[in-house]
Each structure stands twice: as structure tokens, then as C-alpha cells.
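**Student:** Below is the file model.cif, with mmCIF, C-alpha atoms and all ligand atoms.
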```
data_protein
#
loop_
_atom_site.label_atom_id
_atom_site.label_comp_id
_atom_site.auth_asym_id
_atom_site.auth_seq_id
_atom_site.Cartn_x
_atom_site.Cartn_y
_atom_site.Cartn_z
CA MET A 1 25.18 -15.45 -16.51
CA LYS A 2 22.26 -17.65 -15.42
CA ALA A 3 20.16 -19.23 -18.16
CA ARG A 4 17.31 -16.83 -18.81
CA TYR A 5 13.69 -17.41 -19.88
CA LEU A 6 12.97 -14.96 -22.67
CA PHE A 7 9.18 -14.82 -22.91
CA PRO A 8 7.39 -15.83 -19.68
CA GLN A 9 4.09 -14.42 -21.01
CA ASP A 10 3.46 -17.34 -23.38
CA TYR A 11 4.65 -20.81 -24.40
CA MET A 12 7.02 -20.78 -27.33
CA ALA A 13 9.63 -23.29 -28.58
CA ASP A 14 12.22 -24.10 -31.29
CA PRO A 15 13.83 -20.63 -31.13
CA SER A 16 15.58 -19.70 -34.39
CA ALA A 17 17.71 -16.66 -33.52
CA ASN A 18 18.97 -14.27 -36.19
CA VAL A 19 20.68 -10.89 -36.11
CA PHE A 20 19.21 -8.38 -38.55
CA ASN A 21 20.16 -4.67 -38.58
CA ASN A 22 22.12 -5.07 -35.32
CA ARG A 23 19.04 -6.37 -33.44
CA LEU A 24 18.38 -9.90 -32.19
CA TYR A 25 15.23 -11.57 -33.59
CA ILE A 26 13.80 -14.90 -32.46
CA TYR A 27 11.39 -16.85 -34.66
CA PRO A 28 9.85 -19.55 -32.43
CA SER A 29 7.08 -22.10 -32.75
CA HIS A 30 4.00 -20.93 -30.83
CA ASP A 31 2.91 -23.71 -28.49
CA ARG A 32 -0.67 -24.10 -27.27
CA ASP A 33 -2.82 -26.61 -25.47
CA SER A 34 -4.96 -28.11 -28.24
CA GLY A 35 -6.39 -30.95 -26.17
CA GLU A 36 -4.70 -33.59 -28.36
CA CYS A 37 -3.09 -36.47 -26.44
CA PHE A 38 0.67 -37.11 -26.45
CA ASP A 39 1.74 -39.52 -29.20
CA ASP A 40 4.96 -40.60 -30.97
CA ASP A 41 3.99 -38.57 -34.05
CA GLY A 42 3.92 -35.22 -32.27
CA GLY A 43 0.13 -34.97 -32.65
CA HIS A 44 0.14 -32.92 -29.46
CA PHE A 45 2.00 -30.10 -31.28
CA GLN A 46 -0.95 -28.36 -33.02
CA MET A 47 0.45 -24.88 -33.51
CA LEU A 48 -1.54 -22.34 -35.53
CA ASP A 49 0.69 -19.31 -36.05
CA TYR A 50 4.11 -17.71 -35.63
CA HIS A 51 5.19 -14.62 -33.73
CA VAL A 52 8.56 -12.86 -33.85
CA LEU A 53 10.26 -11.58 -30.72
CA SER A 54 13.12 -9.09 -30.73
CA PHE A 55 15.68 -7.72 -28.31
CA ASP A 56 18.22 -4.97 -28.01
CA ASP A 57 20.02 -6.43 -24.97
CA VAL A 58 19.18 -10.13 -24.95
CA GLU A 59 20.72 -10.63 -21.49
CA GLN A 60 18.65 -7.92 -19.75
CA ASP A 61 15.71 -6.64 -21.77
CA ALA A 62 12.15 -7.90 -21.95
CA ALA A 63 11.23 -9.21 -25.40
CA THR A 64 9.36 -7.05 -27.86
CA ASP A 65 6.57 -9.23 -29.26
CA HIS A 66 5.77 -8.09 -32.79
CA GLY A 67 2.63 -10.21 -32.82
CA VAL A 68 1.44 -12.77 -35.35
CA ILE A 69 3.58 -12.76 -38.48
CA LEU A 70 1.94 -15.73 -40.22
CA ASP A 71 -1.20 -17.77 -39.46
CA VAL A 72 -2.02 -21.20 -40.92
CA GLU A 73 -5.28 -19.71 -42.27
CA GLN A 74 -3.20 -17.51 -44.61
CA VAL A 75 -1.30 -20.42 -46.17
CA PRO A 76 -3.30 -21.99 -49.01
CA TRP A 77 -1.47 -25.33 -48.97
CA ALA A 78 -1.12 -25.83 -45.18
CA GLU A 79 -3.79 -27.43 -43.03
CA ARG A 80 -2.19 -27.69 -39.58
CA GLN A 81 0.83 -28.05 -37.31
CA MET A 82 2.95 -24.97 -37.94
CA TRP A 83 6.21 -26.41 -36.63
CA ASP A 84 9.73 -25.00 -36.57
CA ASN A 85 10.73 -22.13 -38.89
CA ASP A 86 13.72 -19.92 -39.66
CA VAL A 87 14.32 -16.64 -41.48
CA VAL A 88 17.07 -15.48 -43.84
CA GLU A 89 17.66 -12.05 -45.39
CA LYS A 90 18.58 -11.45 -49.00
CA ASP A 91 18.76 -8.11 -50.84
CA GLY A 92 16.67 -6.39 -48.17
CA LYS A 93 13.87 -8.98 -48.17
CA TYR A 94 13.21 -11.52 -45.42
CA PHE A 95 12.30 -15.12 -46.20
CA LEU A 96 10.57 -17.19 -43.55
CA VAL A 97 10.90 -20.91 -44.29
CA PHE A 98 8.52 -23.04 -42.23
CA SER A 99 7.20 -26.57 -41.84
CA ALA A 100 3.51 -27.51 -41.78
CA LYS A 101 1.26 -30.41 -42.77
CA ASP A 102 -0.57 -30.17 -46.09
CA TYR A 103 -4.14 -31.42 -46.64
CA ASN A 104 -2.84 -34.96 -47.16
CA GLY A 105 -1.15 -35.02 -43.76
CA VAL A 106 2.31 -34.70 -45.33
CA PHE A 107 4.86 -32.29 -43.86
CA ARG A 108 6.21 -29.81 -46.44
CA LEU A 109 8.32 -26.67 -46.27
CA GLY A 110 6.89 -23.33 -47.31
CA VAL A 111 8.24 -19.81 -47.81
CA ALA A 112 6.69 -16.48 -46.82
CA VAL A 113 8.26 -13.12 -47.71
CA ALA A 114 8.44 -9.76 -45.91
CA ASP A 115 10.09 -6.38 -46.33
CA HIS A 116 11.04 -6.24 -42.64
CA PRO A 117 12.22 -8.84 -40.09
CA GLU A 118 9.05 -8.07 -38.07
CA GLY A 119 6.85 -9.03 -41.01
CA PRO A 120 4.09 -9.23 -42.03
CA PHE A 121 5.07 -12.29 -44.09
CA ILE A 122 3.15 -13.12 -47.26
CA PRO A 123 3.10 -16.86 -47.99
CA GLU A 124 3.77 -18.41 -51.38
CA PRO A 125 0.74 -20.34 -52.70
CA TYR A 126 2.56 -23.69 -52.87
CA PRO A 127 5.22 -25.42 -50.78
CA ILE A 128 8.82 -25.56 -51.99
CA ARG A 129 8.94 -28.08 -54.86
CA GLY A 130 10.54 -31.32 -53.71
CA SER A 131 10.40 -30.37 -50.04
CA PHE A 132 9.44 -32.76 -47.27
CA SER A 133 9.71 -33.28 -43.51
CA ILE A 134 10.27 -30.54 -40.91
CA ASP A 135 12.57 -28.15 -39.07
CA PRO A 136 14.15 -25.92 -41.73
CA CYS A 137 17.27 -23.89 -40.93
CA VAL A 138 18.19 -21.35 -43.62
CA PHE A 139 21.88 -20.49 -43.55
CA LYS A 140 23.54 -17.76 -45.63
CA ASP A 141 27.19 -18.45 -46.32
CA ASP A 142 29.84 -15.73 -46.64
CA ASP A 143 29.58 -15.89 -50.46
CA GLY A 144 25.82 -15.15 -50.27
CA GLU A 145 24.65 -18.68 -51.17
CA ILE A 146 21.72 -19.85 -49.03
CA TYR A 147 21.33 -23.45 -47.88
CA CYS A 148 18.27 -25.06 -46.30
CA TYR A 149 18.93 -27.84 -43.76
CA PHE A 150 15.88 -29.84 -42.70
CA GLY A 151 14.45 -33.16 -41.56
CA GLY A 152 13.06 -34.92 -38.53
CA LEU A 153 12.37 -38.56 -37.68
CA TRP A 154 9.15 -40.22 -36.43
CA GLY A 155 6.35 -37.62 -36.64
CA GLY A 156 8.64 -35.45 -38.75
CA GLN A 157 8.33 -38.13 -41.50
CA LEU A 158 11.98 -38.03 -42.65
CA GLN A 159 12.02 -41.84 -42.82
CA TRP A 160 9.30 -41.68 -45.53
CA TRP A 161 11.72 -40.00 -47.93
CA ILE A 162 15.24 -41.26 -47.33
CA PRO A 163 16.00 -44.41 -49.33
CA ALA A 164 16.43 -47.38 -47.02
CA GLN A 165 20.03 -48.15 -46.30
CA LEU A 166 20.83 -51.78 -45.58
CA PRO A 167 20.80 -53.55 -43.25
CA TYR A 168 17.10 -53.16 -42.52
CA GLY A 169 14.86 -55.85 -41.11
CA LYS A 170 11.21 -56.69 -40.78
CA GLU A 171 8.80 -55.88 -37.98
CA GLY A 172 9.08 -58.34 -35.12
CA ASP A 173 12.82 -58.99 -35.44
CA PRO A 174 13.95 -58.72 -31.79
CA THR A 175 17.38 -57.35 -32.74
CA LEU A 176 15.90 -54.21 -34.27
CA ARG A 177 15.16 -50.86 -32.72
CA THR A 178 11.53 -50.76 -31.86
CA ALA A 179 10.65 -47.17 -32.55
CA SER A 180 12.62 -44.96 -34.85
CA ASP A 181 11.26 -45.84 -38.24
CA LYS A 182 8.02 -47.56 -37.47
CA LYS A 183 6.03 -45.50 -39.95
CA THR A 184 7.87 -47.27 -42.74
CA LEU A 185 7.19 -50.65 -41.14
CA LEU A 186 10.88 -51.19 -41.69
CA TYR A 187 12.75 -51.13 -38.44
CA ILE A 188 16.26 -49.79 -38.80
CA ARG A 189 19.00 -51.93 -37.31
CA PRO A 190 21.20 -50.24 -34.71
CA ASP A 191 24.27 -51.10 -36.81
CA ALA A 192 22.88 -49.48 -40.00
CA PRO A 193 24.02 -45.94 -40.88
CA ALA A 194 21.83 -43.36 -39.15
CA LEU A 195 19.23 -41.61 -41.30
CA PRO A 196 20.68 -38.22 -42.23
CA SER A 197 19.31 -34.71 -42.15
CA CYS A 198 19.07 -33.09 -45.61
CA VAL A 199 20.52 -29.97 -47.21
CA ALA A 200 19.62 -28.19 -50.44
CA ARG A 201 20.96 -24.94 -51.89
CA MET A 202 18.24 -22.39 -52.52
CA SER A 203 17.46 -20.46 -55.70
CA ASP A 204 18.47 -16.81 -56.18
CA ASP A 205 14.91 -15.74 -55.31
CA VAL A 206 15.01 -17.95 -52.16
CA LEU A 207 11.68 -19.54 -53.10
CA GLN A 208 12.84 -22.98 -54.31
CA PHE A 209 15.58 -25.58 -54.01
CA VAL A 210 17.99 -25.58 -56.96
CA GLU A 211 19.01 -29.18 -56.39
CA ALA A 212 17.69 -32.43 -54.99
CA PRO A 213 18.23 -32.54 -51.23
CA ARG A 214 21.54 -34.15 -50.27
CA PRO A 215 22.23 -36.18 -47.11
CA VAL A 216 24.06 -34.44 -44.26
CA VAL A 217 26.51 -37.19 -43.35
CA ILE A 218 27.87 -37.30 -39.80
CA LEU A 219 31.05 -39.32 -39.35
CA ASN A 220 32.63 -40.72 -36.22
CA SER A 221 36.21 -39.60 -35.51
CA ASP A 222 37.47 -42.80 -37.23
CA GLY A 223 35.72 -41.79 -40.47
CA THR A 224 32.91 -44.34 -40.26
CA PRO A 225 29.30 -43.13 -40.58
CA MET A 226 27.48 -42.67 -37.28
CA LYS A 227 25.15 -45.61 -36.66
CA ALA A 228 21.38 -45.60 -36.15
CA GLY A 229 21.82 -47.12 -32.68
CA ASP A 230 24.13 -44.35 -31.49
CA PRO A 231 22.33 -42.13 -28.95
CA HIS A 232 24.13 -39.16 -30.54
CA ARG A 233 22.70 -39.67 -34.02
CA PHE A 234 20.62 -37.00 -35.82
CA PHE A 235 16.90 -36.89 -35.08
CA GLU A 236 15.62 -33.31 -35.79
CA ALA A 237 16.30 -29.58 -35.21
CA SER A 238 19.08 -28.95 -37.75
CA TRP A 239 21.07 -25.77 -37.20
CA MET A 240 24.09 -24.47 -39.12
CA HIS A 241 26.52 -21.77 -38.05
CA LYS A 242 30.04 -20.85 -39.04
CA TYR A 243 32.96 -20.19 -36.69
CA LYS A 244 36.50 -19.36 -37.82
CA GLY A 245 35.83 -20.68 -41.33
CA LYS A 246 34.43 -24.06 -40.21
CA TYR A 247 30.83 -25.25 -40.61
CA TYR A 248 29.12 -26.36 -37.39
CA PHE A 249 26.09 -28.62 -37.87
CA SER A 250 24.13 -29.02 -34.64
CA TYR A 251 20.96 -31.01 -33.98
CA SER A 252 18.71 -32.78 -31.50
CA THR A 253 19.03 -36.51 -30.92
CA GLY A 254 15.27 -36.79 -30.20
CA ASP A 255 14.60 -39.90 -28.13
CA SER A 256 17.96 -39.64 -26.34
CA HIS A 257 17.32 -35.90 -25.78
CA TYR A 258 20.76 -34.36 -26.41
CA LEU A 259 21.84 -31.36 -28.44
CA CYS A 260 24.97 -32.44 -30.32
CA TYR A 261 27.24 -31.02 -33.02
CA ALA A 262 29.64 -31.97 -35.78
CA ILE A 263 32.16 -29.87 -37.75
CA GLY A 264 32.90 -29.81 -41.48
CA ASP A 265 34.81 -27.88 -44.14
CA SER A 266 31.89 -27.35 -46.51
CA PRO A 267 28.18 -26.51 -46.10
CA TYR A 268 27.46 -29.97 -47.53
CA GLY A 269 29.72 -31.77 -45.09
CA PRO A 270 30.67 -34.43 -44.31
CA PHE A 271 30.68 -33.40 -40.65
CA VAL A 272 32.76 -35.07 -37.97
CA TYR A 273 30.98 -35.66 -34.69
CA GLN A 274 32.36 -33.58 -31.80
CA GLY A 275 30.14 -33.95 -28.74
CA VAL A 276 27.18 -32.86 -26.65
CA ILE A 277 26.31 -29.15 -26.37
CA LEU A 278 23.39 -29.54 -23.95
CA GLU A 279 22.33 -32.42 -21.72
CA PRO A 280 18.62 -33.38 -21.72
CA VAL A 281 16.27 -30.67 -20.50
CA VAL A 282 12.88 -31.05 -18.81
CA GLY A 283 10.41 -32.05 -21.55
CA TRP A 284 10.66 -34.61 -24.38
CA THR A 285 11.97 -32.29 -27.10
CA THR A 286 15.14 -30.25 -27.16
CA HIS A 287 15.73 -27.73 -29.95
CA HIS A 288 18.02 -24.76 -30.34
CA SER A 289 19.90 -22.19 -32.37
CA ILE A 290 23.41 -20.76 -32.03
CA VAL A 291 24.24 -17.18 -32.96
CA GLU A 292 26.81 -14.48 -32.22
CA TYR A 293 25.33 -11.16 -31.11
CA ARG A 294 27.44 -8.12 -30.24
CA GLY A 295 30.58 -10.20 -29.73
CA GLN A 296 29.06 -12.92 -27.54
CA TRP A 297 27.96 -16.39 -28.72
CA TYR A 298 24.63 -17.70 -27.39
CA LEU A 299 22.64 -20.91 -27.28
CA PHE A 300 18.87 -20.38 -27.61
CA TYR A 301 16.79 -23.39 -26.56
CA HIS A 302 13.64 -24.39 -24.70
CA ASP A 303 12.48 -26.50 -21.79
CA CYS A 304 9.26 -27.37 -19.99
CA VAL A 305 10.06 -26.26 -16.45
CA PRO A 306 7.51 -23.40 -16.38
CA SER A 307 4.70 -25.72 -17.60
CA ASN A 308 5.63 -28.37 -15.03
CA ASP A 309 6.93 -30.80 -17.68
CA THR A 310 4.03 -30.48 -20.11
CA THR A 311 5.87 -31.49 -23.29
CA TRP A 312 3.75 -29.42 -25.69
CA LEU A 313 4.04 -26.21 -23.60
CA ARG A 314 7.64 -25.09 -23.88
CA SER A 315 9.46 -21.91 -22.86
CA ILE A 316 12.40 -20.35 -24.67
CA LYS A 317 15.70 -19.63 -22.94
CA VAL A 318 19.15 -18.24 -23.62
CA GLN A 319 22.55 -19.06 -22.19
CA ARG A 320 26.03 -17.92 -23.21
CA LEU A 321 28.09 -20.34 -25.31
CA PHE A 322 31.89 -20.56 -25.35
CA TYR A 323 34.50 -22.24 -27.56
CA ASN A 324 37.73 -23.89 -26.58
CA GLU A 325 41.00 -22.85 -28.25
CA ASP A 326 40.70 -25.75 -30.70
CA GLY A 327 37.24 -24.60 -31.86
CA THR A 328 35.26 -27.22 -29.94
CA ILE A 329 32.21 -25.99 -28.04
CA GLN A 330 32.12 -26.07 -24.27
CA PRO A 331 28.99 -27.85 -22.99
CA VAL A 332 26.35 -25.30 -22.02
CA ILE A 333 25.17 -25.29 -18.43
CA ASN A 334 21.38 -25.06 -18.17
CA GLU A 335 21.15 -23.20 -14.87
O1 LIG B 401 7.75 -27.89 -32.28
C1 LIG B 401 7.36 -29.08 -32.93
C2 LIG B 401 8.51 -30.01 -33.05
O2 LIG B 401 9.01 -30.33 -31.77
C3 LIG B 401 9.71 -29.44 -33.77
O3 LIG B 401 9.54 -29.36 -35.14
C4 LIG B 401 10.73 -30.38 -33.30
O4 LIG B 401 12.05 -30.00 -33.57
C5 LIG B 401 10.43 -30.45 -31.82
O5 LIG B 401 11.00 -29.37 -31.13
#
```
Would you encode the structure as C-alpha cells?
**Tutor:**
Amino acid sequence: MKARYLFPQDYMADPSANVFNNRLYIYPSHDRDSGECFDDDGGHFQMLDYHVLSFDDVEQDAATDHGVILDVEQVPWAERQMWDNDVVEKDGKYFLVFSAKDYNGVFRLGVAVADHPEGPFIPEPYPIRGSFSIDPCVFKDDDGEIYCYFGGLWGGQLQWWIPAQLPYGKEGDPTLRTASDKKTLLYIRPDAPALPSCVARMSDDVLQFVEAPRPVVILNSDGTPMKAGDPHRFFEASWMHKYKGKYYFSYSTGDSHYLCYAIGDSPYGPFVYQGVILEPVVGWTTHHSIVEYRGQWYLFYHDCVPSNDTTWLRSIKVQRLFYNEDGTIQPVINE
């Protein structure tokens, strides 16, 4: 199969794919041209609302666009930048967990609830207590427990919340990375452990965390923590899926533009780094989800080919994904 654009009518990104009632649903970010200039904080991503798209045959059919399922104007605590979201089902209700900036310019995670996967979603009045940063992925394990994975560096503000791990240095030290944690004015050394994504188990009503977020630790094959200077370290776009009893944590490496993954034995990890799923695409960001639908595994992702490399106008795509005998993922070919 050739990689396929799924919604040529509009710019959408960060596709979170889920199978509900034997139908494939995609919950993307809804890109638009806001007129804001490109900056390292993602100020050019000024999204206002979410749609949901659905498919019967995701390899052949046109998407059904169910329209706007949540608008920033409906969310009392959110001011702007409706970034990545994901949806999980529990007891016949659907919970959309999303990231947006509050009126203090701080990214938080919120929940909105619906009776159907197509919405409409009714937002909770406040963000999830103790939530921060961006890019939630809500994963339901086989025992019914739901975990929220989240976090993103730079404009995603993760570095505001994760306690500094030594060795850090001061601005101006020429041995330090010059970008990744500049909002803290502490510049992380390339030989320090990489800042981790976070995971928290969710409450029975799927409206809150039941624990303080824990770090999602990614180890090298020799058991040492992946370093901040490694181009394969976590940056944003957490995704969790399960295959043959193992937990697959996949993510974007941001400024090195890969989609990578790591495998663990528990939803909390630790996860051992395995490799690259997708080489850099056209556009600064890369962001994905992985899901099995009717016996075939797929990678959903985005690129900026249709917008002629306009980073804030992205288009969602799908390509088949295959495993090797040993459970490793074969790199996906974006063509
Ligand atoms: O869509 C806005 C941001 O761009 C997402 O939250 C990131 O993962 C990146 O795709």
C-alpha cells in the first residue's frame, strides 16, 4: 500500500486513532493559518477546535467528518492553543483528554465527556488536577485501568515541571545544548539523563489522576538511561500500544525529527529503546499513533507536503505497519 492522505479537504495533525464499535476514529488537532510567526515555542500552532473523522475502510474510503466536537470557547479554563488530544472509552462513555493553554499561558490537560465517539463532548469546568504540559495519550490496559501519558519539551513546557537532574549548567556554558531547556534558563548537558515523558493512572471516573505523574524512563540496551544529547531521546507525542503482552512506548524526538519506540513489561516502564519507526517527514513536527484495525496494524502520522512545507499546516496520513518475528517494528516507509 502507498501512504495515503486521509483528509485532503483541510489541514489536520497529531492523529490519535482509536477503534470504537468496530469503526476507526481519528481525533486530530485542527491546524489553521493564524498569522502568528514561527517560533521555538510553537506560537504558530493556534488551533481553536477539534473535529473527529471516522472510517469503515481506512485504506479506501473517504473520511466521514463529524464536525466540531469541542471548541475552545466551550472550555471555561482554556484560552488558546488546542493541541493534541486522545479519546478513551469506559463503560459506554467517551473521554476526550486534550491539551490547551490556560489564562496564565500554562499548558494543562482537560477532559470532555460524550455518550458517543462522534461527540458532542462536554468539557469539565477545570483542568485535571496536577496536570501540566501537552500531548496526552490515554491508554486502556487489558485489566481496564487507564493511563495518561503526556509531556512535550520547549513550547510544551515539560521542562518547567520535571525536577532538574544533574549535571545542569548555566547559560553561556559552551559545552551545553543551546536550545532544549532554555525556558528554564538552565541548559541541560548532553550527558545528563534526558527529560522523561510522564504517566499517571486515571481515576475510575476518568476525570482525574489518582497519583502524581511518574517519569517514563527510556533505557539504552546496556541499561543506562538515554541521555539528553541523544538524537533519539523523548521530546513529545507520547503514544502507548500493546502487542503480544508487551508495552510499546513511541514518541517524537522533536528537533531531530524521528518517531522512535521503546518496549517495556509494565505500563510504567522502564522501556528499552528499540529504534526508529519513521524517518523525518516534511515539516518540523512529526507525531503519530499506532493501532490495529481489522487485523492490520497501522501508523497514523502527518506531514507538510500538501502545504508546501508550511509547518503549521499539516495533513494526516496512514501507512501499514509490520512487526518482525522478535516483536520489533519494521521502519515505516513514507511513500
Ligand atoms: O499540534 C501542536 C503540537 O505540534 C503538538 O502538540 C506536538 O506534538 C506537535 O505535533
**Student:** State, in Å with one decimal place, the distance from atom CA of Asp230 of chain A to atom O4 of ligand LIG 401 (chain B).
**Tutor:**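 These atoms are spaced 18.9 Å apart.
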**Student:** Write out as a tab-separated table the residues of chain A that have any atom within 10 Å of an atom of ligand LIG 401 (chain B), one row each with the nearest atom pair and its distance in Å to one decimal, counting all atoms listed in the file, sorted by chain and then rising number.
**Tutor:**
```
residue	atom	partner	partner_atom	distance
A:Met12	CA	B:LIG401	O1	8.7
A:Ala13	CA	B:LIG401	O1	6.2
A:Asp14	CA	B:LIG401	O5	5.4
A:Pro15	CA	B:LIG401	O5	9.2
A:Pro28	CA	B:LIG401	O1	8.6
A:Ser29	CA	B:LIG401	O1	5.8
A:His30	CA	B:LIG401	O1	8.0
A:Asp31	CA	B:LIG401	O1	7.4
A:Asp41	CA	B:LIG401	C2	9.7
A:Gly42	CA	B:LIG401	C2	7.0
A:Gly43	CA	B:LIG401	C1	9.3
A:His44	CA	B:LIG401	C1	8.9
A:Phe45	CA	B:LIG401	C1	5.7
A:Gln46	CA	B:LIG401	C1	8.3
A:Met47	CA	B:LIG401	O1	8.0
A:Gln81	CA	B:LIG401	C1	7.9
A:Met82	CA	B:LIG401	C1	7.8
A:Trp83	CA	B:LIG401	O3	4.7
A:Asp84	CA	B:LIG401	O3	4.6
A:Asn85	CA	B:LIG401	O3	8.2
A:Phe98	CA	B:LIG401	O3	9.6
A:Ser99	CA	B:LIG401	O3	7.6
A:Ala100	CA	B:LIG401	O3	9.2
A:Ser133	CA	B:LIG401	O3	9.2
A:Ile134	CA	B:LIG401	O3	5.9
A:Asp135	CA	B:LIG401	O3	5.1
A:Pro136	CA	B:LIG401	O3	8.7
A:Phe150	CA	B:LIG401	O3	9.9
A:Gly151	CA	B:LIG401	O4	8.9
A:Gly152	CA	B:LIG401	O4	7.1
A:Leu153	CA	B:LIG401	C4	9.4
A:Gly155	CA	B:LIG401	C2	8.7
A:Gly156	CA	B:LIG401	O3	7.1
A:Phe235	CA	B:LIG401	O4	8.6
A:Glu236	CA	B:LIG401	O4	5.4
A:Ala237	CA	B:LIG401	O4	4.6
A:Ser238	CA	B:LIG401	O4	8.2
A:Tyr251	CA	B:LIG401	O4	9.0
A:Ser252	CA	B:LIG401	O4	7.5
A:Thr253	CA	B:LIG401	O4	9.9
A:Gly254	CA	B:LIG401	C5	8.1
A:Gly283	CA	B:LIG401	O5	10.0
A:Trp284	CA	B:LIG401	C5	8.5
A:Thr285	CA	B:LIG401	O5	5.1
A:Thr286	CA	B:LIG401	O5	5.8
A:His287	CA	B:LIG401	O5	5.1
A:His288	CA	B:LIG401	O5	8.4
A:Tyr301	CA	B:LIG401	O5	9.5
A:His302	CA	B:LIG401	O5	8.6
A:Asp303	CA	B:LIG401	O5	9.9
A:Thr311	CA	B:LIG401	O2	9.1
A:Trp312	CA	B:LIG401	O1	7.9
A:Leu313	CA	B:LIG401	O1	9.6
A:Arg314	CA	B:LIG401	O1	8.9
```
**Student:** Looking at A:Ile329, A:Ser131, A:Pro225, A:Asp205, which one is nearest to Pro193 of chain A, with distances taken over only C-alpha atoms?
**Tutor:**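 Comparing A:Ile329, A:Ser131, A:Pro225, A:Asp205 against Pro193 of chain A, the winner is A:Pro225.
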**Student:** Which residues are close to Phe322 of chain A, i.e. within 12 Å by only C-alpha atoms, leaving aside same-chain residues fewer than 6 positions away? Reply as an mmCIF file with C-alpha atoms, in the frame of the given file.
**Tutor:**
```
data_model
loop_
_atom_site.group_PDB
_atom_site.id
_atom_site.type_symbol
_atom_site.label_atom_id
_atom_site.label_comp_id
_atom_site.auth_asym_id
_atom_site.auth_seq_id
_atom_site.Cartn_x
_atom_site.Cartn_y
_atom_site.Cartn_z
ATOM 1 C CA TYR A 243 32.960 -20.190 -36.690
ATOM 2 C CA ILE A 277 26.310 -29.150 -26.370
ATOM 3 C CA ILE A 290 23.410 -20.760 -32.030
ATOM 4 C CA VAL A 291 24.240 -17.180 -32.960
ATOM 5 C CA GLU A 292 26.810 -14.480 -32.220
ATOM 6 C CA GLY A 295 30.580 -10.200 -29.730
ATOM 7 C CA GLN A 296 29.060 -12.920 -27.540
ATOM 8 C CA TRP A 297 27.960 -16.390 -28.720
ATOM 9 C CA TYR A 298 24.630 -17.700 -27.390
ATOM 10 C CA LEU A 299 22.640 -20.910 -27.280
ATOM 11 C CA THR A 328 35.260 -27.220 -29.940
ATOM 12 C CA ILE A 329 32.210 -25.990 -28.040
ATOM 13 C CA GLN A 330 32.120 -26.070 -24.270
ATOM 14 C CA PRO A 331 28.990 -27.850 -22.990
ATOM 15 C CA VAL A 332 26.350 -25.300 -22.020
ATOM 16 C CA ILE A 333 25.170 -25.290 -18.430
#
```
**Student:** Can you report as AutoDock Vina command-line options the centre and edge lengths in Å, to one decimal, of an axis-aligned box around the listed atoms of segment 47-59 of chain A padded with 8 Å on each side?
**Tutor:**
```
--center_x 9.6 --center_y -14.9 --center_z -28.8 --size_x 38.3 --size_y 35.9 --size_z 30.6
```
**Student:** If I take atom CA of Tyr27 of chain A and atom CA of Tyr147 of chain A, how far is one from the other in Å, to one decimal?
**Tutor:** 17.8 Å
**Student:** For a test of reading the model, state the distance in Å between atom CA of Phe234 of chain A and atom CA of Asp39 of chain A, rounded to one decimal.
**Tutor:** 20.2 Å
**Student:** Find the residues around Met226 of chain A up to 12 Å (all atoms listed in the file counted), leave out those fewer than 4 positions away in its own chain, and share them as a VMD selection string.
**Tutor:** chain A and resid 190 to 196 216 to 222 230 to 234 262 270 to 274
**Student:** May I ask which of the residues A:Pro127, A:Pro267, A:Gly223, A:Gly119 is the closest one to Tyr25 of chain A, counting all atoms listed in the file?
**Tutor:** A:Gly119
**Student:** Need to verify the contact set: Val52 of chain A, 8 Å, all atoms listed in the file, exclusion of same-chain residues closer than 6 positions in sequence. Can you return it as a count of residues only?
**Tutor:** 10
